[in-house]
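Please read the structure below before turning to the comments.
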Amino acid sequence: MTAQKRIYEFGNGKAEGNAGMKALLGGKGANLAEMAGMGLPVPPGFTITTQTCADWYDAGNRMPEGLMDGVRAAVAGVEAQLGRQFGGARPLLFSVRSGAAASMPGMMDTVLNLGLNAQTVEALATETGNPRFAWDSYRRFITMYADVVSGVERKLFEHEFNAAKKRAGVTRDSDLTADQLKQVCAAMKVVYLKQEHEEFPQDPWTQLERAVEAVFRSWNNMRAIEYRRLNRIHGLLGTAVNIQAMVFGNLNEESGTGVGFTRDPSTGENEFFCDVLFNAQGEDVVAGLRTPEHLDALKQRMPEVHAQLMQARQTLEQHYRDMQDIEFTIQDGKLYLLQTRNGKRTARAALRIALALVDEKLLTREQALLKIDASSLNQLLHPMFDPKAKVQVIASGIPASPGAAKGAAVFTPDEAERRAARGQSVILVREETSPEDIKGMAAAAGILTARGGRTSHAAVVARQMGKTCVAGCSSIHIDEHAGIFQAGAITVRQGDAISLNGATGEVMLGDVPTVPPELSGDFRTVMQWSDELRRLGVRANADVPRDALKAREFGAEGIGLCRTEHMFFDSDRINKMREMILAKTLEQKQHALAKLLPMQRADFLGLFAAMDGLPVTIRLLDPPLHEFLPQDPSTQQIIADQLDVSLKTVQDTVANLHELNPMLGLRGCRLGIEQPLIYDMQVQAIIEAMLEAEQQGVRVLAEIMIPLVGTIEELRWLRRRIEEQLNQFNLHHGSRLAPKIGTMIEVPRAALTADKIATEADFFSFGTNDLTQMTLGVSRDDAEKGFLIDYVVRGIFPTDPFATLDREGVGKLVDMGVKLGRGVKPGLKVGICGEHGGDPESIEFCHEVGMDYVSCSPFRVPIARLAAAQAAIKHGKA
């Protein structure tokens with residue numbers, strides 16, 4: 001049996017891997033190999049595979065046998081290429097970096113300058129003739145190693161560094177002398193000894209082995225787990241480890257580091273979006289520790305390097321046929337490329353880039369559509385600041401991620417989470433963000449940082465999340481402990497309202513009003529291409545004409561779900577519903593329902609008019625009646641007074657309707673059978689509205705949907721009653737109304753017996769919210785507050801099954817239901833109307849099982865149109 005290959009080498013124009021090996025080498029390792037193979041200037045190194053990470057976890061966090069022997073052999077290869085020695089007189093130093101198959105910027109760990117110790121730091125100082133550089137690199141290594149490998153708080157080391165600057169009377173890092181930095185390193189070693197009860201490791205091989213294990217461990221740190229949960233990343237083996245010869249951007253003033261996007265990641269315009277820092281290492285740019293300079297500064301100082309970088313930009317973008325995010329270092333006037341990956345971008349930029357790459361003949365229309373994250377379109381459909389509003393601009397920073405965000409200023413990620421959980425919109429204000437802030441960033445509407453640039457951690461993650469971000473706002477002074485920031489003479493305290501304009505970088509005091517968005521020509525083009533390519537229809541869930549019109553504006557081809565119960569909850573109607581529930585006699589119930597009839601008729605008439613010529617699926621009343629009655633005594637008394645009944649009547653009714661498990665109780669079709677007058681009124685309202693709409697010249701395609709059917713007998717009983725009512729109406733009015741009558745498939749038994757149920761149904765609509773609850777035996781409302789997130793974090797559920805359809809369980813029932821139903825009725829129309837109808841992964845599944853349409857909220861209709869096209873491209877239209 002051939003031994004598993006765990007290490008892949010790259011460098012000197014050769015590589016054992018390539019860009020197609022991301023699953024095994026991670027994105028970073030695969031692309032380093034690809035660039036090396038292309039002959040681009042990549043420092044040599046090697047990648048330990050993601051499978052090795054998985055094996056490390058499987059072995060109880062122990063190194064696989066023979067791994068370090070392989071690492072020693074690979075290090076020897078790098079030594080031979082560079083003529084250096086790891087731990088020797090001409091010291092070879094390494095960066096040790098993570099890299100999963102899916103990009104997770106900043107979420108896992110990195111160690112730079114590895115291999116420095118008391119001897120090699122002196123050797124490096126002698127070789128370069130620059131002791132300051134050597135000791136600066138050593139203090140960086142001690143700080144990073146202690147933090148990443150040993151788990152010692154970084155701020156303890158930063159405190160020593162800042163104290164040294166204070167003693168020296170300087171503010172810039174680069175102003176400390178070599179001797180002062182040497183003293184800082186000594187002080188940091190004392191801190192390490194106190195915290196770890198051992199000397200700072202001096203053996204380079206010990207440093208390397210521990211760093212590799214630290215990177216493996218970082219795969220399951222909380223920020224990485226949370227990032228994967230937020231971005232629905234699952235099914236990966238782990239992280240690769242990339243061990244690469246160090247090049248030094250902090251060597252001298254002819255050195256530097258930078259991050260560049262080959263196109264603007266905010267707008268998509270074809271301009272190099274690049275930040276550079278001189279005499280610095282890459283962590284300074286990415287972490288936002290210093291505010292970088294524009295690319296023009298590089299052109300002025302090093303025109304040849306600038307020209308090489310521009311050529312690399314063009315080469316990489318044409319090779320990968322996508323916008324690239326590039327990390328580079330300049331060492332003593334020579335350019336090195338350290339990373340390339342497909343760049344994170346806003347939705348607006350994604351559309352512009354996709355269309356431009358088609359115009360430039362780099363992509364076909366189909367390939368371009370697959371490059372767009374369908375879910376990101378949500379960013380384009382929400383309000384922007386009113387250009388006519390009077391605003392008070394208190395500061396300006398770098399517009400790092402576009403959008404209009406407003407909310408209460410908060411200064412810690414924990415506070416952002418707490419307030420957001422209470423429904424409050426918040427703006428997270430930080431000196432700079434770190435990967436540990438990920439939950440707070442996810443909870444916030446926008447992010448404001450005092451430091452960092454367009455390529456900092458805050459900016460990159462905000463753009464991916466679709467969050468507004470203003471970075472590098474150096475004019476504000478933040479006091480996190482006091483919970484305030486100063487902007488000139490203005491003091492903003494925690495809880496004060498501020499607004500961020502991510503397009504201009506403006507920070508405004510107060511709650512600035514917004515207006516609806518303006519959708520670009522790029523958006524319309526992408527939607528047109530999507531509609532030409534997709535097979536699935538796209539409808540909307542809408543209960544009122546306003547939502548129906550918005551859905552139609554976004555391209556909906558009908559209403560797939562009108563929840564009639566929402567119509568009863570309006571303040572002017574709910575008491576009429578309560579009057580019906582509290583009624584003691586048949587006549588009283590009929591009298592109360594007669595008051596609701598014209599209201600329901602008007603509702604349906606409005607929907608038919610809004611959807612003229614398109615289908616409208618109306619679900620009859622679904623929830624249990626207890627939901628319409630108050631549970632607290634004070635409100636019960638108010639209702640009793642308003643309806644002129646006794647408090648006892650209200651309380652007795654509440655008690656009679658009480659069920660231990662109401663979601664499995666008297667609701668849906670069961671309520672329609674037990675209390676048929678309610679469904680009778682709703683059907684009457686539907687057919688009266690149909691007739692009136694047709695008389696007004698509206699083309700009506702009505703569909704009546706019966707919820708919670710579990711047996712054919714339930715559907716047959718209700719269908720006969722509806723048909724009888726419809727026949728009498730047509731006979732009386734001389735009309736020919738013929739709404740389709742179908743059912744929701746949301747009870748597992750309905751899916752299992754779909755061949756029988758189809759004989760009585762004109763259509764199926766899968767209600768996957770309830771179907772998921774009943775199949776998994778999980779209450780969505782309770783689980784989301786309890787164990788569900790923990791299950792996703794632990795990998796028990798790959799994703800939230802209420803957000804993305806559970807293919808293995810619920811999906812099997814859906815597939816079975818479609819096949820059984822069409823087995824007896826080949827032309828049976830089938831759709832989905834749960835929350836999954838707006839989720840791209842679930843939409844792909846719906847395409848695969850042959851559904852006719854998906855239905856989702858109005859603002860997710862464009863997402864569904866694009867996702868349906870992407871599914872057709874991947875799997876074919878059939």
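So you can find residues: chains in the structure tokens are A, B, ... in the order shown, residues in each start at 1, and ligands are numbered from 1 in order.
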
**Message:** Quick one: residues within 12 Å of A:Leu708, only C-alpha atoms, excluding same-chain residues fewer than 4 positions away - as a ChimeraX atom specification?
**Reply:** /A:619-624,663-673,712,714-715,742-751,764-771,774

**Request:** Pick out the closest residue to A:Arg563 from this set: A:Ala354, A:Ala609, A:Ile704, A:Ile638. Count only C-alpha atoms.
**Result:**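 Using only C-alpha atoms, A:Arg563 sits closest to A:Ile704.
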
**Message:** What's around stretch 270-281 of chain A at 6 Å? Count only C-alpha atoms, leave out sequence neighbours fewer than 2 positions away in its own chain, and write the answer as number ranges by chain.
**Reply:** A: 249-250, 252-253, 255-264, 283-284, 292-295

Enumerate as an mmCIF file with all heavy atoms, in the first residue's frame all residues of stretch 640-762 of chain A assigned to strand (DSSP E or B) by DSSP on the backbone, naming them with the chain letters and numbers the document uses.
```
data_model
loop_
_atom_site.group_PDB
_atom_site.id
_atom_site.type_symbol
_atom_site.label_atom_id
_atom_site.label_comp_id
_atom_site.auth_asym_id
_atom_site.auth_seq_id
_atom_site.Cartn_x
_atom_site.Cartn_y
_atom_site.Cartn_z
ATOM 1 N N LEU A 701 -55.895 33.777 -11.947
ATOM 2 C CA LEU A 701 -55.443 32.386 -11.894
ATOM 3 C C LEU A 701 -55.328 32.005 -10.425
ATOM 4 O O LEU A 701 -54.245 31.989 -9.848
ATOM 5 C CB LEU A 701 -54.093 32.233 -12.604
ATOM 6 C CG LEU A 701 -54.054 32.586 -14.101
ATOM 7 C CD1 LEU A 701 -52.634 32.505 -14.628
ATOM 8 C CD2 LEU A 701 -54.969 31.657 -14.882
ATOM 9 N N ALA A 702 -56.485 31.711 -9.821
ATOM 10 C CA ALA A 702 -56.511 31.450 -8.378
ATOM 11 C C ALA A 702 -56.267 29.981 -8.080
ATOM 12 O O ALA A 702 -56.703 29.090 -8.824
ATOM 13 C CB ALA A 702 -57.848 31.884 -7.795
ATOM 14 N N GLU A 703 -55.572 29.744 -6.964
ATOM 15 C CA GLU A 703 -55.312 28.399 -6.485
ATOM 16 C C GLU A 703 -55.606 28.362 -4.989
ATOM 17 O O GLU A 703 -55.074 29.176 -4.228
ATOM 18 C CB GLU A 703 -53.848 28.011 -6.742
ATOM 19 C CG GLU A 703 -53.470 28.038 -8.221
ATOM 20 C CD GLU A 703 -51.999 27.735 -8.467
ATOM 21 O OE1 GLU A 703 -51.202 27.785 -7.519
ATOM 22 O OE2 GLU A 703 -51.659 27.452 -9.632
ATOM 23 N N ILE A 704 -56.470 27.424 -4.595
ATOM 24 C CA ILE A 704 -56.825 27.278 -3.177
ATOM 25 C C ILE A 704 -55.994 26.141 -2.596
ATOM 26 O O ILE A 704 -56.022 25.017 -3.107
ATOM 27 C CB ILE A 704 -58.330 26.990 -3.011
ATOM 28 C CG1 ILE A 704 -59.159 28.160 -3.557
ATOM 29 C CG2 ILE A 704 -58.668 26.725 -1.549
ATOM 30 C CD1 ILE A 704 -60.654 27.894 -3.587
ATOM 31 N N MET A 705 -55.258 26.446 -1.523
ATOM 32 C CA MET A 705 -54.344 25.465 -0.954
ATOM 33 C C MET A 705 -54.776 25.088 0.462
ATOM 34 O O MET A 705 -54.996 25.959 1.306
ATOM 35 C CB MET A 705 -52.916 26.022 -0.932
ATOM 36 C CG MET A 705 -51.875 25.031 -0.448
ATOM 37 S SD MET A 705 -50.205 25.439 -1.006
ATOM 38 C CE MET A 705 -49.901 26.962 -0.101
ATOM 39 N N ILE A 706 -54.887 23.803 0.691
ATOM 40 C CA ILE A 706 -55.340 23.270 1.979
ATOM 41 C C ILE A 706 -54.115 22.821 2.770
ATOM 42 O O ILE A 706 -53.346 21.978 2.307
ATOM 43 C CB ILE A 706 -56.318 22.096 1.764
ATOM 44 C CG1 ILE A 706 -57.554 22.595 0.983
ATOM 45 C CG2 ILE A 706 -56.726 21.476 3.092
ATOM 46 C CD1 ILE A 706 -58.446 21.485 0.483
ATOM 47 N N LYS A 740 -57.947 26.181 -9.041
ATOM 48 C CA LYS A 740 -57.307 24.893 -8.756
ATOM 49 C C LYS A 740 -57.359 24.649 -7.250
ATOM 50 O O LYS A 740 -57.320 25.589 -6.460
ATOM 51 C CB LYS A 740 -55.865 24.893 -9.251
ATOM 52 C CG LYS A 740 -55.734 24.977 -10.779
ATOM 53 C CD LYS A 740 -54.271 24.885 -11.192
ATOM 54 C CE LYS A 740 -54.128 25.018 -12.707
ATOM 55 N NZ LYS A 740 -54.825 23.950 -13.440
ATOM 56 N N ILE A 741 -57.442 23.392 -6.877
ATOM 57 C CA ILE A 741 -57.475 23.018 -5.458
ATOM 58 C C ILE A 741 -56.334 22.043 -5.205
ATOM 59 O O ILE A 741 -56.262 20.971 -5.809
ATOM 60 C CB ILE A 741 -58.822 22.376 -5.076
ATOM 61 C CG1 ILE A 741 -59.976 23.333 -5.372
ATOM 62 C CG2 ILE A 741 -58.820 21.984 -3.598
ATOM 63 C CD1 ILE A 741 -61.350 22.710 -5.229
ATOM 64 N N GLY A 742 -55.440 22.450 -4.334
ATOM 65 C CA GLY A 742 -54.278 21.607 -4.052
ATOM 66 C C GLY A 742 -53.970 21.585 -2.573
ATOM 67 O O GLY A 742 -54.759 22.048 -1.740
ATOM 68 N N THR A 743 -52.814 21.060 -2.247
ATOM 69 C CA THR A 743 -52.478 20.906 -0.837
ATOM 70 C C THR A 743 -51.017 21.186 -0.577
ATOM 71 O O THR A 743 -50.165 21.050 -1.467
ATOM 72 C CB THR A 743 -52.800 19.481 -0.354
ATOM 73 O OG1 THR A 743 -52.549 19.393 1.046
ATOM 74 C CG2 THR A 743 -51.959 18.435 -1.081
ATOM 75 N N MET A 744 -50.747 21.575 0.651
ATOM 76 C CA MET A 744 -49.367 21.630 1.118
ATOM 77 C C MET A 744 -48.943 20.228 1.548
ATOM 78 O O MET A 744 -49.721 19.501 2.156
ATOM 79 C CB MET A 744 -49.233 22.592 2.303
ATOM 80 C CG MET A 744 -49.431 24.047 1.933
ATOM 81 S SD MET A 744 -49.124 25.146 3.332
ATOM 82 C CE MET A 744 -47.337 25.246 3.278
ATOM 83 N N ILE A 745 -47.726 19.891 1.209
ATOM 84 C CA ILE A 745 -47.135 18.651 1.699
ATOM 85 C C ILE A 745 -46.162 19.052 2.803
ATOM 86 O O ILE A 745 -45.035 19.492 2.539
ATOM 87 C CB ILE A 745 -46.404 17.879 0.578
ATOM 88 C CG1 ILE A 745 -47.352 17.590 -0.592
ATOM 89 C CG2 ILE A 745 -45.802 16.587 1.130
ATOM 90 C CD1 ILE A 745 -48.474 16.639 -0.281
#
```

**Who sits within 10 Å of stretch 343-350 of chain A, only C-alpha atoms, same chain under 4 positions skipped, as a PyMOL selection string** = chain A and resi 103+105+260-269+322-326+354-356+368-369+371-380+401-403+459-467+519-520+522-523

**Request:** Using only C-alpha atoms, pick whichever of A:Lys550, A:His566, A:Lys406, A:Arg539 has the shortest atom-to-atom distance to A:Met508.
**Result:**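 Closest to A:Met508 of all the choices is A:Lys406.
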
For stretch 30-34 of chain A: contacts at 9 Å, only C-alpha atoms, fewer than 6 positions along chain excluded, given as a short mmCIF file (atom, residue, chain, number, x, y, z; two decimals) with all heavy atoms, in the first residue's frame:
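The result, stored in around17.cif:
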```cif
data_model
loop_
_atom_site.label_atom_id
_atom_site.label_comp_id
_atom_site.auth_asym_id
_atom_site.auth_seq_id
_atom_site.Cartn_x
_atom_site.Cartn_y
_atom_site.Cartn_z
N TYR A 8 3.45 18.70 -0.12
CA TYR A 8 3.60 19.08 -1.53
C TYR A 8 4.49 20.33 -1.59
O TYR A 8 4.18 21.36 -0.98
CB TYR A 8 2.23 19.37 -2.15
CG TYR A 8 1.40 18.13 -2.38
CD1 TYR A 8 0.81 17.46 -1.32
CD2 TYR A 8 1.23 17.62 -3.67
CE1 TYR A 8 0.05 16.31 -1.53
CE2 TYR A 8 0.47 16.47 -3.89
CZ TYR A 8 -0.12 15.84 -2.81
OH TYR A 8 -0.86 14.70 -3.02
N GLU A 9 5.59 20.23 -2.36
CA GLU A 9 6.57 21.31 -2.41
C GLU A 9 6.30 22.24 -3.60
O GLU A 9 5.71 21.84 -4.60
CB GLU A 9 7.98 20.72 -2.49
CG GLU A 9 8.33 19.84 -1.29
CD GLU A 9 9.74 19.24 -1.39
OE1 GLU A 9 10.62 19.90 -1.96
OE2 GLU A 9 9.92 18.11 -0.89
N PHE A 10 6.77 23.48 -3.46
CA PHE A 10 6.67 24.46 -4.55
C PHE A 10 7.86 25.41 -4.47
O PHE A 10 8.44 25.62 -3.40
CB PHE A 10 5.35 25.23 -4.48
CG PHE A 10 5.13 25.99 -3.19
CD1 PHE A 10 5.67 27.26 -3.00
CD2 PHE A 10 4.38 25.43 -2.16
CE1 PHE A 10 5.47 27.95 -1.81
CE2 PHE A 10 4.18 26.11 -0.96
CZ PHE A 10 4.73 27.37 -0.79
N GLY A 11 8.22 25.99 -5.64
CA GLY A 11 9.30 26.97 -5.68
C GLY A 11 10.22 26.76 -6.86
O GLY A 11 10.24 25.69 -7.49
N LYS A 14 8.71 25.50 -10.12
CA LYS A 14 8.12 24.17 -10.14
C LYS A 14 7.16 24.00 -8.96
O LYS A 14 7.26 24.70 -7.96
CB LYS A 14 9.22 23.10 -10.05
CG LYS A 14 10.23 23.14 -11.19
CD LYS A 14 11.32 22.11 -10.98
CE LYS A 14 12.38 22.18 -12.08
NZ LYS A 14 13.48 21.22 -11.83
N ALA A 15 6.25 23.03 -9.08
CA ALA A 15 5.33 22.74 -7.98
C ALA A 15 4.76 21.35 -8.15
O ALA A 15 4.53 20.88 -9.27
CB ALA A 15 4.20 23.77 -7.95
N GLU A 16 4.53 20.69 -7.03
CA GLU A 16 3.91 19.36 -7.05
C GLU A 16 2.39 19.44 -7.07
O GLU A 16 1.72 18.46 -7.37
CB GLU A 16 4.36 18.56 -5.82
CG GLU A 16 5.85 18.23 -5.82
CD GLU A 16 6.27 17.40 -4.62
OE1 GLU A 16 5.87 17.74 -3.49
OE2 GLU A 16 6.99 16.40 -4.83
N GLY A 17 1.84 20.59 -6.73
CA GLY A 17 0.40 20.79 -6.72
C GLY A 17 -0.03 21.77 -7.79
O GLY A 17 0.77 22.27 -8.59
N ASN A 18 -1.33 22.08 -7.79
CA ASN A 18 -1.86 23.08 -8.72
C ASN A 18 -3.18 23.63 -8.18
O ASN A 18 -3.68 23.16 -7.14
CB ASN A 18 -2.05 22.49 -10.12
CG ASN A 18 -2.96 21.27 -10.11
OD1 ASN A 18 -4.13 21.34 -9.72
ND2 ASN A 18 -2.43 20.11 -10.52
N ALA A 19 -3.76 24.58 -8.89
CA ALA A 19 -4.95 25.27 -8.40
C ALA A 19 -6.17 24.36 -8.30
O ALA A 19 -7.12 24.70 -7.59
CB ALA A 19 -5.28 26.46 -9.32
N GLY A 20 -6.14 23.23 -8.97
CA GLY A 20 -7.27 22.31 -8.91
C GLY A 20 -7.26 21.41 -7.68
O GLY A 20 -8.15 20.57 -7.52
N MET A 21 -6.30 21.61 -6.78
CA MET A 21 -6.15 20.72 -5.62
C MET A 21 -6.53 21.43 -4.32
O MET A 21 -5.97 21.14 -3.26
CB MET A 21 -4.71 20.20 -5.55
CG MET A 21 -4.31 19.38 -6.78
SD MET A 21 -2.55 18.92 -6.80
CE MET A 21 -2.48 17.76 -5.45
N LYS A 22 -7.51 22.32 -4.38
CA LYS A 22 -7.87 23.09 -3.19
C LYS A 22 -8.38 22.22 -2.06
O LYS A 22 -8.14 22.50 -0.89
CB LYS A 22 -8.92 24.14 -3.55
CG LYS A 22 -8.38 25.30 -4.34
CD LYS A 22 -9.44 26.36 -4.59
CE LYS A 22 -8.85 27.52 -5.37
NZ LYS A 22 -9.87 28.56 -5.64
N ALA A 23 -9.11 21.16 -2.38
CA ALA A 23 -9.64 20.30 -1.32
C ALA A 23 -8.52 19.69 -0.50
O ALA A 23 -8.64 19.52 0.72
CB ALA A 23 -10.52 19.20 -1.92
N LEU A 24 -7.39 19.40 -1.12
CA LEU A 24 -6.27 18.75 -0.43
C LEU A 24 -5.24 19.75 0.08
O LEU A 24 -4.69 19.58 1.18
CB LEU A 24 -5.59 17.76 -1.38
CG LEU A 24 -4.49 16.88 -0.77
CD1 LEU A 24 -5.08 15.95 0.30
CD2 LEU A 24 -3.78 16.07 -1.86
N VAL A 42 7.50 33.55 -6.36
CA VAL A 42 6.91 33.01 -5.14
C VAL A 42 8.03 32.44 -4.27
O VAL A 42 8.78 31.58 -4.74
CB VAL A 42 5.89 31.90 -5.47
CG1 VAL A 42 5.36 31.26 -4.19
CG2 VAL A 42 4.75 32.46 -6.29
N PHE A 46 6.45 24.65 1.16
CA PHE A 46 5.71 23.40 1.00
C PHE A 46 4.41 23.49 1.79
O PHE A 46 4.26 24.32 2.69
CB PHE A 46 6.55 22.21 1.46
CG PHE A 46 7.10 22.32 2.85
CD1 PHE A 46 6.43 21.78 3.94
CD2 PHE A 46 8.31 22.97 3.06
CE1 PHE A 46 6.95 21.88 5.22
CE2 PHE A 46 8.84 23.08 4.36
CZ PHE A 46 8.16 22.54 5.43
N THR A 47 3.47 22.61 1.44
CA THR A 47 2.14 22.60 2.05
C THR A 47 1.87 21.23 2.66
O THR A 47 2.05 20.20 2.00
CB THR A 47 1.06 22.92 1.00
OG1 THR A 47 1.30 24.22 0.46
CG2 THR A 47 -0.33 22.88 1.62
N ALA A 101 -9.90 24.92 2.10
CA ALA A 101 -10.39 24.88 0.72
C ALA A 101 -11.30 26.06 0.42
O ALA A 101 -11.36 26.55 -0.71
CB ALA A 101 -11.13 23.57 0.48
N LEU A 337 5.35 37.41 -4.54
CA LEU A 337 3.91 37.19 -4.37
C LEU A 337 3.70 36.10 -3.32
O LEU A 337 4.28 35.01 -3.42
CB LEU A 337 3.28 36.77 -5.70
CG LEU A 337 3.42 37.77 -6.85
CD1 LEU A 337 2.78 37.23 -8.12
CD2 LEU A 337 2.81 39.12 -6.49
N LEU A 338 2.87 36.40 -2.33
CA LEU A 338 2.67 35.48 -1.19
C LEU A 338 1.31 34.80 -1.23
O LEU A 338 1.10 33.81 -0.53
CB LEU A 338 2.80 36.23 0.13
CG LEU A 338 4.11 37.02 0.33
CD1 LEU A 338 4.12 37.66 1.71
CD2 LEU A 338 5.32 36.11 0.14
N GLN A 339 0.40 35.33 -2.00
CA GLN A 339 -0.94 34.71 -2.05
C GLN A 339 -1.73 35.31 -3.20
O GLN A 339 -1.58 36.48 -3.54
CB GLN A 339 -1.70 34.97 -0.75
CG GLN A 339 -3.16 34.49 -0.79
CD GLN A 339 -3.82 34.53 0.58
OE1 GLN A 339 -3.55 33.69 1.41
NE2 GLN A 339 -4.66 35.50 0.81
N THR A 340 -2.59 34.49 -3.79
CA THR A 340 -3.67 35.00 -4.64
C THR A 340 -4.89 34.13 -4.39
O THR A 340 -4.78 32.94 -4.10
CB THR A 340 -3.29 35.00 -6.13
OG1 THR A 340 -4.27 35.74 -6.86
CG2 THR A 340 -3.22 33.58 -6.70
N ARG A 341 -6.04 34.75 -4.45
CA ARG A 341 -7.31 34.03 -4.29
C ARG A 341 -8.39 34.87 -4.94
O ARG A 341 -8.21 36.08 -5.15
CB ARG A 341 -7.63 33.80 -2.81
CG ARG A 341 -7.78 35.08 -2.00
CD ARG A 341 -7.92 34.79 -0.52
NE ARG A 341 -7.92 36.01 0.28
CZ ARG A 341 -7.78 36.05 1.60
NH1 ARG A 341 -7.63 34.92 2.27
NH2 ARG A 341 -7.78 37.18 2.25
#
```
